[in-house]
file run_2.csv (CSV, C-alpha atoms)
chain,number,residue,atom,x,y,z
N,2,MET,CA,-3.9,-19.4,13.6
N,3,SER,CA,-2.5,-22.4,15.4
N,4,ASP,CA,-1.3,-22.1,19.0
N,5,THR,CA,1.9,-24.0,18.3
N,6,PRO,CA,4.7,-23.1,15.9
N,7,GLN,CA,4.5,-24.6,12.5
N,8,TRP,CA,7.9,-26.2,12.3
N,9,PRO,CA,9.4,-26.6,8.8
N,10,VAL,CA,9.3,-30.2,7.6
N,11,ALA,CA,11.9,-31.6,5.2
N,12,ARG,CA,10.7,-34.0,2.5
N,13,LEU,CA,13.0,-36.5,0.9
N,14,ASP,CA,12.1,-37.3,-2.7
N,15,GLU,CA,12.0,-40.9,-4.0
N,16,VAL,CA,15.6,-40.8,-5.4
N,17,GLY,CA,16.9,-39.6,-2.0
N,18,ARG,CA,15.0,-42.5,-0.4
N,19,LEU,CA,16.5,-45.0,-2.8
N,20,ARG,CA,20.0,-43.8,-1.9
N,21,ALA,CA,19.2,-44.1,1.8
N,22,LEU,CA,17.8,-47.6,1.5
N,23,ALA,CA,20.7,-48.8,-0.8
N,24,ALA,CA,23.1,-47.6,1.9
N,25,GLY,CA,21.8,-50.5,4.0
N,26,VAL,CA,22.6,-53.1,1.3
N,27,ARG,CA,26.2,-54.2,1.2
N,28,GLY,CA,27.7,-54.1,-2.3
N,29,ALA,CA,24.8,-52.0,-3.7
N,30,ALA,CA,25.5,-49.0,-5.9
N,31,VAL,CA,23.0,-46.4,-7.0
N,32,THR,CA,23.3,-45.2,-10.6
N,33,GLU,CA,21.5,-41.9,-11.3
N,34,ARG,CA,20.8,-40.1,-14.6
N,35,ILE,CA,18.6,-37.2,-15.8
N,36,VAL,CA,16.2,-38.4,-18.5
N,37,ALA,CA,14.8,-35.8,-20.9
N,38,ALA,CA,11.1,-36.6,-20.4
N,39,PRO,CA,8.4,-35.9,-17.8
N,40,VAL,CA,8.4,-38.2,-14.8
N,41,ALA,CA,4.9,-39.7,-15.6
N,42,ASP,CA,6.2,-40.8,-19.0
N,43,VAL,CA,9.4,-42.3,-17.5
N,44,TRP,CA,7.5,-44.1,-14.8
N,45,ALA,CA,5.0,-45.5,-17.2
N,46,LEU,CA,7.9,-47.3,-19.0
N,47,LEU,CA,9.6,-48.4,-15.8
N,48,SER,CA,6.5,-49.8,-14.2
N,49,ASP,CA,5.1,-51.6,-17.2
N,50,PHE,CA,6.2,-54.9,-15.6
N,51,GLU,CA,5.1,-57.3,-18.3
N,52,GLY,CA,6.3,-54.9,-21.1
N,53,SER,CA,9.1,-52.4,-21.0
N,54,PHE,CA,10.3,-53.2,-17.5
N,55,GLY,CA,11.6,-56.5,-18.7
N,56,LEU,CA,13.3,-54.9,-21.7
N,57,ILE,CA,15.0,-52.2,-19.6
N,58,GLU,CA,16.2,-54.3,-16.5
N,59,PRO,CA,19.4,-56.3,-17.0
N,60,ASP,CA,19.2,-59.9,-18.3
N,61,MET,CA,15.4,-60.2,-18.2
N,62,ARG,CA,13.7,-62.3,-20.9
N,63,ARG,CA,10.2,-62.4,-19.7
N,64,VAL,CA,8.2,-61.0,-16.7
N,65,ARG,CA,4.8,-62.1,-15.6
N,66,VAL,CA,2.7,-60.4,-12.9
N,67,LEU,CA,1.5,-63.1,-10.5
N,68,SER,CA,-0.5,-60.8,-8.1
N,69,ARG,CA,-1.2,-57.2,-7.3
N,70,SER,CA,-2.9,-55.8,-4.2
N,71,SER,CA,-3.2,-52.4,-2.7
N,72,GLY,CA,-1.6,-51.7,0.7
N,73,PRO,CA,-1.1,-48.6,2.8
N,74,ASP,CA,2.4,-48.1,1.4
N,75,GLY,CA,1.5,-48.7,-2.3
N,76,GLU,CA,0.7,-51.6,-4.6
N,77,HIS,CA,2.1,-54.9,-3.4
N,78,VAL,CA,3.2,-56.9,-6.4
N,79,GLU,CA,4.5,-60.4,-7.1
N,80,LEU,CA,6.5,-60.9,-10.3
N,81,LEU,CA,7.8,-64.0,-11.9
N,82,ALA,CA,10.9,-63.0,-13.9
N,83,ARG,CA,12.9,-65.3,-16.2
N,84,SER,CA,16.4,-64.4,-17.2
N,85,ARG,CA,18.1,-64.8,-20.6
N,86,PHE,CA,20.2,-67.5,-18.9
N,87,GLY,CA,17.1,-69.6,-17.9
N,88,PHE,CA,17.0,-68.6,-14.2
N,89,ARG,CA,13.7,-67.8,-12.6
N,90,ALA,CA,13.0,-65.3,-9.8
N,91,ARG,CA,9.8,-64.7,-7.8
N,92,LEU,CA,10.1,-61.1,-6.9
N,93,VAL,CA,7.9,-59.6,-4.1
N,94,GLY,CA,7.8,-55.9,-3.7
N,95,VAL,CA,6.1,-52.5,-3.3
N,96,HIS,CA,5.3,-50.2,-6.2
N,97,ARG,CA,3.9,-46.6,-6.2
N,98,PRO,CA,4.5,-43.7,-8.5
N,99,GLY,CA,8.2,-43.0,-8.6
N,100,TRP,CA,9.1,-46.0,-6.4
N,101,PHE,CA,9.7,-49.7,-6.8
N,102,TRP,CA,11.6,-52.0,-4.5
N,103,ALA,CA,11.4,-55.8,-4.8
N,104,GLN,CA,13.4,-58.8,-3.7
N,105,SER,CA,13.6,-62.5,-4.3
N,106,ARG,CA,15.9,-64.8,-2.6
N,107,PHE,CA,18.5,-64.3,-5.2
N,108,LEU,CA,17.6,-60.9,-6.8
N,109,LEU,CA,17.1,-57.3,-5.6
N,110,ILE,CA,15.7,-54.5,-7.7
N,111,GLY,CA,15.2,-50.9,-6.7
N,112,MET,CA,14.0,-48.0,-9.0
N,113,ALA,CA,13.1,-44.4,-8.2
N,114,ALA,CA,12.1,-41.4,-10.2
N,115,ALA,CA,11.6,-37.8,-9.2
N,116,GLU,CA,10.9,-34.6,-11.1
N,117,ALA,CA,13.9,-32.4,-11.7
N,118,ALA,CA,13.7,-28.6,-11.4
N,119,ASP,CA,13.7,-28.2,-15.2
N,120,GLY,CA,10.8,-30.6,-15.8
N,121,ARG,CA,13.0,-33.5,-16.8
N,122,THR,CA,13.3,-36.6,-14.6
N,123,ARG,CA,16.0,-37.9,-12.2
N,124,VAL,CA,16.0,-41.7,-12.4
N,125,ALA,CA,18.0,-43.9,-10.0
N,126,LEU,CA,18.5,-47.6,-10.1
N,127,THR,CA,20.1,-50.1,-7.8
N,128,GLY,CA,20.0,-53.9,-7.4
N,129,GLY,CA,21.7,-57.0,-8.6
N,130,ILE,CA,22.3,-60.6,-7.6
N,131,ARG,CA,21.4,-60.9,-3.9
N,132,VAL,CA,23.5,-62.9,-1.4
N,133,PRO,CA,20.7,-65.4,-0.6
N,134,GLY,CA,18.3,-63.9,2.1
N,135,GLN,CA,20.7,-61.1,3.1
N,136,ALA,CA,20.8,-57.3,2.6
N,137,ALA,CA,23.8,-57.8,0.4
N,138,LEU,CA,24.6,-58.0,-3.3
N,139,VAL,CA,27.3,-59.9,-5.1
N,140,PRO,CA,29.4,-56.9,-5.9
N,141,PHE,CA,30.3,-57.6,-9.5
N,142,GLY,CA,29.1,-55.5,-12.4
N,143,VAL,CA,26.3,-53.7,-10.5
N,144,ARG,CA,27.2,-50.2,-11.9
N,145,ARG,CA,27.7,-51.5,-15.5
N,146,ALA,CA,24.3,-53.3,-15.4
N,147,ALA,CA,22.5,-50.2,-14.1
N,148,ARG,CA,24.2,-48.0,-16.8
N,149,GLY,CA,23.0,-50.5,-19.4
N,150,ALA,CA,19.5,-50.3,-18.0
N,151,LEU,CA,19.5,-46.5,-18.1
N,152,ASP,CA,20.8,-46.6,-21.7
N,153,ARG,CA,17.9,-48.8,-22.7
N,154,LEU,CA,15.5,-46.5,-20.8
N,155,ASP,CA,16.9,-43.5,-22.8
N,156,ARG,CA,16.4,-45.3,-26.1
N,157,ARG,CA,12.8,-46.3,-25.3
N,158,ILE,CA,12.1,-42.7,-24.1
N,159,GLY,CA,13.4,-41.5,-27.5
N,160,ASP,CA,11.3,-44.0,-29.3
N,161,THR,CA,8.2,-43.1,-27.3
N,162,LEU,CA,8.6,-39.4,-27.8
N,163,GLY,CA,9.5,-39.8,-31.4
N,164,THR,CA,6.2,-41.6,-32.2
N,165,ARG,CA,4.0,-38.9,-30.7
B,28,MET,CA,7.2,-60.9,4.1
B,29,THR,CA,6.1,-57.6,5.5
B,30,ASP,CA,2.6,-57.3,4.0
B,31,SER,CA,0.8,-59.4,6.6
B,32,PRO,CA,-2.8,-58.3,7.5
B,33,THR,CA,-1.7,-56.8,10.9
B,34,PRO,CA,1.0,-54.1,10.5
B,35,LEU,CA,4.3,-55.1,12.1
B,36,SER,CA,5.5,-53.1,15.0
B,37,ASP,CA,8.5,-50.9,14.5
B,38,VAL,CA,10.7,-53.1,16.6
B,39,GLU,CA,9.7,-56.2,14.6
B,40,LEU,CA,10.5,-54.3,11.4
B,41,VAL,CA,13.9,-53.4,12.8
B,42,ARG,CA,14.6,-57.1,13.7
B,43,ARG,CA,13.6,-58.3,10.3
B,44,ALA,CA,15.7,-55.5,8.6
B,45,GLN,CA,18.7,-56.6,10.7
B,46,ALA,CA,18.2,-60.1,9.6
B,47,GLY,CA,18.5,-59.0,5.9
B,48,ASP,CA,14.9,-58.6,4.8
B,49,THR,CA,15.1,-55.5,2.5
B,50,LEU,CA,11.3,-55.2,2.3
B,51,ALA,CA,11.3,-54.7,6.0
B,52,MET,CA,14.0,-52.0,5.5
B,53,ALA,CA,11.8,-50.3,2.9
B,54,SER,CA,8.8,-50.4,5.3
B,55,LEU,CA,11.0,-48.9,8.1
B,56,LEU,CA,12.1,-46.2,5.7
B,57,ASP,CA,8.4,-45.3,5.0
B,58,ARG,CA,7.8,-44.9,8.8
B,59,LEU,CA,11.1,-43.1,9.6
B,60,ALA,CA,11.1,-40.6,6.7
B,61,PRO,CA,8.4,-38.3,8.2
B,62,TYR,CA,9.9,-38.4,11.6
B,63,VAL,CA,13.4,-37.6,10.4
B,64,GLY,CA,11.9,-34.9,8.1
B,65,ARG,CA,10.4,-33.1,11.1
B,66,ILE,CA,13.7,-33.0,13.0
B,67,CYS,CA,15.9,-32.2,10.1
B,68,GLY,CA,13.5,-29.6,8.6
B,69,ALA,CA,13.3,-27.7,11.9
B,70,ILE,CA,17.0,-27.7,12.5
B,71,ALA,CA,18.6,-27.6,9.0
B,72,LEU,CA,15.8,-25.5,7.5
B,73,GLY,CA,16.6,-25.1,3.7
B,74,SER,CA,19.1,-27.9,3.9
B,75,GLY,CA,16.6,-30.2,5.6
B,76,ALA,CA,16.3,-32.6,2.7
B,77,ASP,CA,20.1,-33.1,2.6
B,78,ALA,CA,20.2,-33.6,6.3
B,79,ALA,CA,17.3,-36.1,6.1
B,80,GLN,CA,19.1,-38.1,3.4
B,81,GLU,CA,22.4,-38.1,5.3
B,82,THR,CA,20.5,-39.2,8.5
B,83,LEU,CA,18.7,-42.1,6.7
B,84,ILE,CA,21.9,-43.2,5.0
B,85,ALA,CA,23.6,-43.3,8.5
B,86,VAL,CA,20.6,-45.1,9.9
B,87,PHE,CA,20.5,-47.9,7.3
B,88,ARG,CA,24.3,-48.3,7.3
B,89,GLY,CA,24.3,-48.7,11.1
B,90,LEU,CA,21.1,-50.6,11.5
B,91,ARG,CA,22.7,-54.1,11.6
B,92,GLY,CA,24.9,-53.1,14.5
B,93,LEU,CA,22.1,-51.6,16.6
B,94,ALA,CA,22.2,-53.7,19.8
B,95,GLN,CA,18.9,-52.7,21.2
B,96,PRO,CA,16.1,-52.6,18.6
B,97,GLU,CA,13.7,-51.4,21.3
B,98,ALA,CA,15.7,-48.2,21.6
B,99,TYR,CA,15.9,-47.5,17.8
B,100,ARG,CA,13.8,-44.3,17.9
B,101,GLY,CA,16.2,-42.6,20.3
B,102,TRP,CA,19.1,-43.8,18.2
B,103,VAL,CA,17.5,-42.4,15.0
B,104,ARG,CA,16.7,-39.1,16.8
B,105,ALA,CA,20.4,-38.7,17.9
B,106,ILE,CA,21.6,-39.3,14.4
B,107,ALA,CA,19.1,-36.8,12.9
B,108,VAL,CA,20.0,-34.1,15.4
B,109,ARG,CA,23.7,-34.6,14.8
B,110,GLU,CA,23.4,-34.6,11.0
B,111,ALA,CA,21.0,-31.7,10.9
B,112,VAL,CA,23.3,-29.5,13.1
B,113,ARG,CA,26.4,-30.5,11.1
B,114,ILE,CA,24.7,-29.6,7.8
B,115,ALA,CA,23.1,-26.5,9.1
B,116,ARG,CA,26.5,-25.2,10.3
B,117,ARG,CA,27.5,-24.8,6.6
B,118,THR,CA,25.0,-21.9,6.3
B,119,PRO,CA,26.0,-19.0,8.6
B,120,THR,CA,23.2,-17.4,10.7
B,121,VAL,CA,22.7,-13.9,11.9
B,122,PRO,CA,21.8,-13.8,15.7
B,123,ALA,CA,18.1,-13.1,16.1
B,124,ASP,CA,16.6,-10.4,18.2
B,125,LEU,CA,14.0,-12.6,19.9
B,126,SER,CA,12.3,-9.6,21.6
B,127,ARG,CA,11.0,-8.5,18.3
B,128,LEU,CA,8.8,-11.5,17.5
B,129,PRO,CA,5.4,-10.5,16.3
B,130,ALA,CA,2.3,-10.9,18.4
B,131,LYS,CA,-0.3,-13.7,17.9
B,132,GLY,CA,-2.7,-12.8,15.2
B,133,ASP,CA,-0.2,-10.8,13.2
B,134,PRO,CA,-0.7,-12.0,9.6
B,135,GLN,CA,3.1,-11.9,9.1
B,136,LEU,CA,3.5,-14.3,12.0
B,137,ALA,CA,4.2,-17.4,10.0
B,138,ALA,CA,6.7,-15.7,7.8
B,139,ASP,CA,8.4,-14.0,10.7
B,140,VAL,CA,8.7,-17.2,12.7
B,141,GLN,CA,10.5,-18.7,9.7
B,142,ASP,CA,12.7,-15.7,9.7
B,143,VAL,CA,13.5,-16.1,13.4
B,144,LEU,CA,14.3,-19.7,13.0
B,145,HIS,CA,16.7,-18.9,10.2
B,146,ARG,CA,18.5,-16.4,12.4
B,147,LEU,CA,18.9,-18.8,15.3
B,148,SER,CA,22.0,-20.9,15.5
B,149,PRO,CA,21.6,-24.6,14.6
B,150,GLU,CA,22.4,-25.6,18.2
B,151,HIS,CA,19.7,-23.2,19.4
B,152,ARG,CA,17.2,-24.8,16.9
B,153,ALA,CA,18.2,-28.2,18.0
B,154,ILE,CA,17.4,-27.4,21.7
B,155,LEU,CA,14.0,-25.9,20.7
B,156,VAL,CA,13.2,-29.0,18.6
B,157,LEU,CA,14.2,-31.5,21.3
B,158,ARG,CA,12.3,-29.7,24.0
B,159,ASP,CA,9.3,-28.3,22.2
B,160,LEU,CA,8.8,-30.8,19.3
B,161,GLU,CA,10.2,-34.0,20.9
B,162,ASP,CA,9.2,-33.1,24.5
B,163,LEU,CA,12.4,-34.3,26.0
B,164,ASP,CA,13.6,-33.1,29.5
B,165,GLU,CA,16.6,-30.9,29.8
B,166,GLN,CA,18.9,-33.6,31.2
B,167,THR,CA,18.1,-35.8,28.1
B,168,VAL,CA,18.7,-32.9,25.8
B,169,ALA,CA,22.0,-32.1,27.4
B,170,GLU,CA,23.1,-35.8,27.1
B,171,LEU,CA,22.0,-35.9,23.5
B,172,LEU,CA,23.9,-32.7,22.5
B,173,GLU,CA,26.8,-33.5,24.8
B,174,VAL,CA,26.6,-30.1,26.7
B,175,PRO,CA,26.1,-29.3,30.4
B,176,LYS,CA,22.5,-29.2,31.6
B,177,GLY,CA,23.0,-25.5,32.6
B,178,THR,CA,24.0,-24.7,29.0
B,179,VAL,CA,20.8,-26.2,27.7
B,180,LYS,CA,18.8,-24.2,30.3
B,181,SER,CA,20.4,-20.9,29.5
B,182,ARG,CA,20.3,-21.3,25.7
B,183,LEU,CA,16.7,-22.4,25.8
B,184,ALA,CA,15.2,-19.9,28.3
B,185,ARG,CA,15.1,-16.8,26.2
B,186,ALA,CA,14.4,-18.4,22.9
B,187,ARG,CA,11.6,-20.6,24.1
B,188,ALA,CA,10.0,-17.9,26.2
B,189,SER,CA,9.9,-15.5,23.3
B,190,PHE,CA,8.8,-18.2,21.0
B,191,ARG,CA,5.9,-19.2,23.1
B,192,LYS,CA,4.9,-15.6,23.9
B,193,ALA,CA,4.2,-15.1,20.2
B,194,TRP,CA,1.6,-17.8,20.2
B,195,THR,CA,0.0,-17.3,23.6
B,196,ALA,CA,-0.1,-13.6,24.0
call {"tool": "encode", "arguments": {"input": "run_2.csv", "output": "C-alpha cells"}}
result
Amino acid sequence: MSDTPQWPVARLDEVGRLRALAAGVRGAAVTERIVAAPVADVWALLSDFEGSFGLIEPDMRRVRVLSRSSGPDGEHVELLARSRFGFRARLVGVHRPGWFWAQSRFLLIGMAAAEAADGRTRVALTGGIRVPGQAALVPFGVRRAARGALDRLDRRIGDTLGTR
Amino acid sequence: MTDSPTPLSDVELVRRAQAGDTLAMASLLDRLAPYVGRICGAIALGSGADAAQETLIAVFRGLRGLAQPEAYRGWVRAIAVREAVRIARRTPTVPADLSRLPAKGDPQLAADVQDVLHRLSPEHRAILVLRDLEDLDEQTVAELLEVPKGTVKSRLARARASFRKAWTA
C-alpha cells in the first residue's frame, strides 16, 4: 500500500480535447455526431489519408502523404492536399488513434473519435480556411462543411459494414 | 513547427501558441491535460472530466491574453481549481466524519478514502489538493481561493491530520 493517498485523476477523451483546442481558434466550430460503428472502424476510414480521408473531408480532390515519422505525441505527418478548386495545401500535423490535428498556412483540420458508452463512436470535426498563420478561421460555412463531412463518413461506414 | 529534435519548453510552446501556431497549442494541450486531470479529478471527483474540459476551454480561450507566459502554470492551476469547485458544487456532499478513517493496511482503505473524498465539500478538497498535491503554502492557497489564511488553516487542519494519519499510522 502506498504511503500517500491515491488521488482520483480525471481523463479527458479525444473529443473533449478537440473541443478544448478548438476553443482557442477564433471562428472554429466543433460538429459532433454518433456514428453506428466501432471506433477502430471509424478511425480506419478517417485516417486513411490517401484514400477515404480525402473523400470525407470537404473540397478535397487528392491527398498525398509526403512524410510520416513517429514522435512522443504520435505520428507526425506531412500531407499534400489538392482541392477541387485547384488549391494546394501542405498540411503538417500529429496523428494517433482517435486524434488528428493539422495545419497549413491557409487550412486547419481537426478530427477526433472516442468510444461511446454503447459501443458506437462519437466523432467530432473542426477546421476550415485559416486566417494565414493565425489561430483563427474564416468563419463562413464551417458547420455546414463539417456536417457534409460527417454525412460522407456515415455513408462510407454504411458501405463498409454492408460489404462485410 | 513543433517537432524539432529537442522538445520545446512549456514557455516557448505558450509563446508560439499565442502567436497563432495551432500545433504548439496541440502540444501544450498534451502537456496540460494530465496536470489539469489531477487537479480536477481530486476536487470534482465523478465530474472531473467535465471540469477538466471546462478548464482547458477557458485556458485556450484566454491564452492569447496571458501577459506572462512564464507564469502560465499558476494561471492554469487557478482556472482548474475554480472550474473544479464550481462544477463539484452541483453535486451535494454529506459532511464526512473524518475520525472514522480506516487504519493503514486495511484492505478497504482505498475505497474508504474515495468515500471520504466524496463526503468532503469541494472547497475542502480544493485545500487538500493545493496543500498536499500541489505543495503550496497556506498563504498562496488562501490567495488562490480568495479566503483568509486563518480559514485555510482551520479548514485544513482536521481533514489533513486525519487523512495523513490513515497512511502513516
call {"tool": "atom_distance", "arguments": {"input": "run_2.csv", "atom1": "atom CA of B:Val174", "atom2": "atom CA of B:Ala71"}}
result
19.6 Å
call {"tool": "closest_residue", "arguments": {"input": "run_2.csv", "among": "B:Leu163, B:Leu147, B:Leu183, B:Ala76", "to": "B:Ala107", "atoms": "all atoms listed in the file"}}
result
B:Ala76
call {"tool": "interface_residues", "arguments": {"input": "run_2.csv", "of": "chain B", "to": "chain N", "cutoff": "6 Å", "atoms": "only C-alpha atoms", "output": "list in words"}}
result
Gly47, Thr49, Gly64, Arg65, Gly68, Ala69, Gly75, Ala76, Leu83, Ile84, Phe87, Arg88 and Trp194 of chain B
call {"tool": "residues_around", "arguments": {"input": "run_2.csv", "residues": "stretch 140-147 of chain N", "least_positions_apart": "5", "cutoff": "12 Å", "atoms": "all atoms listed in the file", "output": "PyMOL selection string"}}
result
chain N and resi 26-34+57-61+108-112+124-132+152-154
call {"tool": "closest_residue", "arguments": {"input": "run_2.csv", "among": "B:Ala79, B:Asp57, B:Gly73, B:Arg100", "to": "B:Arg117", "atoms": "all atoms listed in the file"}}
result
B:Gly73
call {"tool": "decode", "arguments": {"input": "run_2.csv", "residues": "stretch 74-84 of chain N", "atoms": "all heavy atoms", "output": "short mmCIF file (atom, residue, chain, number, x, y, z; two decimals), in the first residue's frame"}}
result
data_model
loop_
_atom_site.label_atom_id
_atom_site.label_comp_id
_atom_site.auth_asym_id
_atom_site.auth_seq_id
_atom_site.Cartn_x
_atom_site.Cartn_y
_atom_site.Cartn_z
N ASP N 74 4.38 12.23 -29.15
CA ASP N 74 2.95 12.55 -29.06
C ASP N 74 2.14 11.86 -30.16
O ASP N 74 0.94 12.12 -30.28
CB ASP N 74 2.74 14.07 -29.15
CG ASP N 74 3.48 14.69 -30.33
OD1 ASP N 74 4.27 13.98 -30.98
OD2 ASP N 74 3.25 15.88 -30.61
N GLY N 75 2.77 11.01 -30.95
CA GLY N 75 2.05 10.32 -32.01
C GLY N 75 2.85 10.36 -33.31
O GLY N 75 4.05 10.65 -33.30
N GLU N 76 2.16 10.10 -34.39
CA GLU N 76 2.81 10.08 -35.70
C GLU N 76 2.78 11.50 -36.29
O GLU N 76 1.71 12.11 -36.37
CB GLU N 76 2.05 9.13 -36.62
CG GLU N 76 2.63 8.98 -37.98
CD GLU N 76 1.73 8.13 -38.89
OE1 GLU N 76 0.49 8.27 -38.82
OE2 GLU N 76 2.28 7.35 -39.67
N HIS N 77 3.94 12.01 -36.68
CA HIS N 77 4.00 13.32 -37.32
C HIS N 77 3.86 13.12 -38.82
O HIS N 77 4.63 12.36 -39.41
CB HIS N 77 5.32 14.02 -36.99
CG HIS N 77 5.42 14.42 -35.55
ND1 HIS N 77 6.22 15.43 -35.11
CD2 HIS N 77 4.77 13.94 -34.46
CE1 HIS N 77 6.08 15.56 -33.80
NE2 HIS N 77 5.21 14.65 -33.38
N VAL N 78 2.89 13.77 -39.41
CA VAL N 78 2.62 13.55 -40.84
C VAL N 78 2.67 14.87 -41.59
O VAL N 78 2.40 15.95 -41.05
CB VAL N 78 1.24 12.89 -41.07
CG1 VAL N 78 1.19 11.50 -40.47
CG2 VAL N 78 0.12 13.75 -40.53
N GLU N 79 3.03 14.73 -42.85
CA GLU N 79 3.03 15.88 -43.76
C GLU N 79 2.22 15.45 -44.98
O GLU N 79 2.53 14.43 -45.62
CB GLU N 79 4.46 16.21 -44.15
CG GLU N 79 4.61 17.53 -44.83
CD GLU N 79 6.08 17.84 -45.14
OE1 GLU N 79 6.96 17.07 -44.71
OE2 GLU N 79 6.32 18.83 -45.82
N LEU N 80 1.17 16.19 -45.28
CA LEU N 80 0.27 15.82 -46.37
C LEU N 80 0.24 16.93 -47.41
O LEU N 80 0.28 18.12 -47.06
CB LEU N 80 -1.17 15.62 -45.85
CG LEU N 80 -1.39 14.70 -44.66
CD1 LEU N 80 -2.89 14.73 -44.26
CD2 LEU N 80 -0.97 13.28 -44.98
N LEU N 81 0.15 16.52 -48.67
CA LEU N 81 -0.08 17.49 -49.73
C LEU N 81 -1.51 17.29 -50.22
O LEU N 81 -1.84 16.24 -50.78
CB LEU N 81 0.91 17.30 -50.88
CG LEU N 81 0.77 18.31 -52.02
CD1 LEU N 81 1.08 19.72 -51.55
CD2 LEU N 81 1.69 17.94 -53.18
N ALA N 82 -2.35 18.28 -49.97
CA ALA N 82 -3.76 18.16 -50.35
C ALA N 82 -4.05 19.09 -51.51
O ALA N 82 -3.58 20.23 -51.54
CB ALA N 82 -4.63 18.52 -49.15
N ARG N 83 -4.81 18.58 -52.48
CA ARG N 83 -5.25 19.41 -53.60
C ARG N 83 -6.76 19.51 -53.53
O ARG N 83 -7.45 18.49 -53.39
CB ARG N 83 -4.84 18.77 -54.94
CG ARG N 83 -3.35 18.79 -55.18
CD ARG N 83 -3.02 18.04 -56.47
NE ARG N 83 -1.59 17.88 -56.62
CZ ARG N 83 -0.80 18.78 -57.22
NH1 ARG N 83 -1.33 19.88 -57.73
NH2 ARG N 83 0.49 18.57 -57.32
N SER N 84 -7.26 20.72 -53.64
CA SER N 84 -8.71 20.90 -53.54
C SER N 84 -9.35 20.78 -54.92
O SER N 84 -8.68 20.80 -55.96
CB SER N 84 -9.04 22.27 -52.95
OG SER N 84 -9.01 23.26 -53.95
#
